[in-house]
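Trainee: Below is the structure I would like to discuss, written out as structure tokens.
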Amino acid sequence: MKPKRIEHIGIAVSNLEEAIKYWEDVMGLECYNIEEVVDQKVKTAFFKVGEVKIELLEATSPDSPIAGFLEKKGPGVHHIAFAVDNVNEALADVEKAGARLIDKTSRKGAEGLNIGFLHPKSTLGVLTELCGE
């Protein structure tokens with residue numbers, strides 16, 4: 001498995017509207033997409049910086065993984081996502097190489113991408129997402 005590029009950096013926020021305002025007013029970026037991913041209990045907002053996206057993540061339920069992250073660590077960088085050609089093949093490759101998986105097979109994420117997560121206990125503490133079409 002070889003990543004093609006950094007697809008996005010996920011940032012957990014407690015208030016999506018306030019966070020969007022910061023990224024637009026202070027950083028000068030434009031939010032181009034807001035989307036709710038119901039099965040992940042999250043609402044997202046996206047910004048582009050060159051070829052890399054910033055994904056803001058707000059919990060839509062108290063039992064959302066993002067709600068748990070915010071409660072434990074507070075707002076901030078949640079994960080880094082890498083674009084790959086085939087998410088299921090990439091997940092199998094990294095598992096074979098010794099990484100622990102959160103997702104054994106891909107699932108649908110924001111922007112219609114197939115996604116799969118690697119457990120941060122096996123990735124030097126960095127929650128890592130693999131994504132592709």
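By convention in this document, the chains of the structure tokens carry letters A, B, ... by their order, each chain's residues are numbered from 1, and ligands are numbered from 1 in the order they are shown.
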Run DSSP on the backbone and tell me which residues of chain A come out as strand (DSSP E); list them as a compact mmCIF listing (two decimals) with C-alpha atoms, in the first residue's frame.
Mentor:
# COMPACT_ATOMS: atom_id res chain seq x y z
CA ARG A 5 -1.49 12.03 -1.20
CA ILE A 6 -2.87 13.49 1.99
CA GLU A 7 -6.61 13.62 1.30
CA HIS A 8 -7.61 15.63 4.35
CA ILE A 9 -6.90 16.47 7.95
CA GLY A 10 -9.86 15.94 10.29
CA ILE A 11 -10.39 18.42 13.11
CA ALA A 12 -12.91 17.79 15.90
CA CYS A 31 -16.28 26.30 3.10
CA TYR A 32 -17.38 24.42 0.00
CA ASN A 33 -19.38 21.57 1.51
CA ILE A 34 -21.36 20.87 4.68
CA GLU A 35 -22.69 17.35 5.08
CA GLU A 36 -24.11 15.07 7.74
CA VAL A 37 -22.90 11.47 7.82
CA VAL A 42 -21.19 13.55 12.62
CA LYS A 43 -21.68 16.75 10.66
CA THR A 44 -18.75 17.84 8.51
CA ALA A 45 -17.56 21.00 6.77
CA PHE A 46 -14.82 21.04 4.16
CA PHE A 47 -12.22 23.59 3.06
CA LYS A 48 -9.48 23.22 0.43
CA VAL A 49 -5.89 24.33 0.92
CA VAL A 52 -5.39 19.05 0.76
CA LYS A 53 -8.74 19.40 2.49
CA ILE A 54 -9.52 20.40 6.05
CA GLU A 55 -12.52 18.49 7.42
CA LEU A 56 -14.24 19.91 10.48
CA LEU A 57 -16.20 17.32 12.48
CA GLU A 58 -19.04 18.09 14.89
CA ALA A 59 -20.83 15.32 16.81
CA GLY A 76 -8.25 19.69 17.82
CA VAL A 77 -6.71 17.42 15.22
CA HIS A 78 -8.66 14.17 15.16
CA HIS A 79 -7.16 12.25 12.22
CA ILE A 80 -5.14 12.36 9.03
CA ALA A 81 -6.55 10.79 5.87
CA PHE A 82 -4.58 9.39 2.96
CA ALA A 83 -5.96 8.80 -0.53
CA ARG A 107 -17.59 1.96 4.53
CA LYS A 108 -19.10 5.13 3.10
CA ASN A 114 -14.99 4.81 0.77
CA ILE A 115 -13.14 4.99 4.07
CA GLY A 116 -11.41 2.75 6.59
CA PHE A 117 -9.61 3.61 9.83
CA LEU A 118 -6.43 2.26 11.41
CA THR A 128 -5.27 7.25 10.36
CA GLU A 129 -7.93 7.08 7.68
CA LEU A 130 -7.55 5.53 4.24
CA CYS A 131 -9.98 6.79 1.63
CA GLY A 132 -10.76 6.47 -2.03
Trainee: Using Å and a single decimal, report how far CA of Leu101 in chain A sits from CA of Ser61 in chain A.
Mentor: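 Value for the CA of Ser61 in chain A-CA of Leu101 in chain A distance: 23.8 Å.
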Trainee: Which residues in chain A does DSSP call alpha helix (DSSP H)? List them as a list in words.
Mentor: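 Secondary structure check on chain A, alpha helix (DSSP H): Leu16, Glu17, Glu18, Ala19, Ile20, Lys21, Tyr22, Trp23, Glu24, Asp25, Pro65, Ile66, Ala67, Gly68, Phe69, Leu70, Glu71, Lys72, Lys73, Val87, Asn88, Glu89, Ala90, Leu91, Ala92, Asp93, Val94, Glu95 and Lys96 of chain A.
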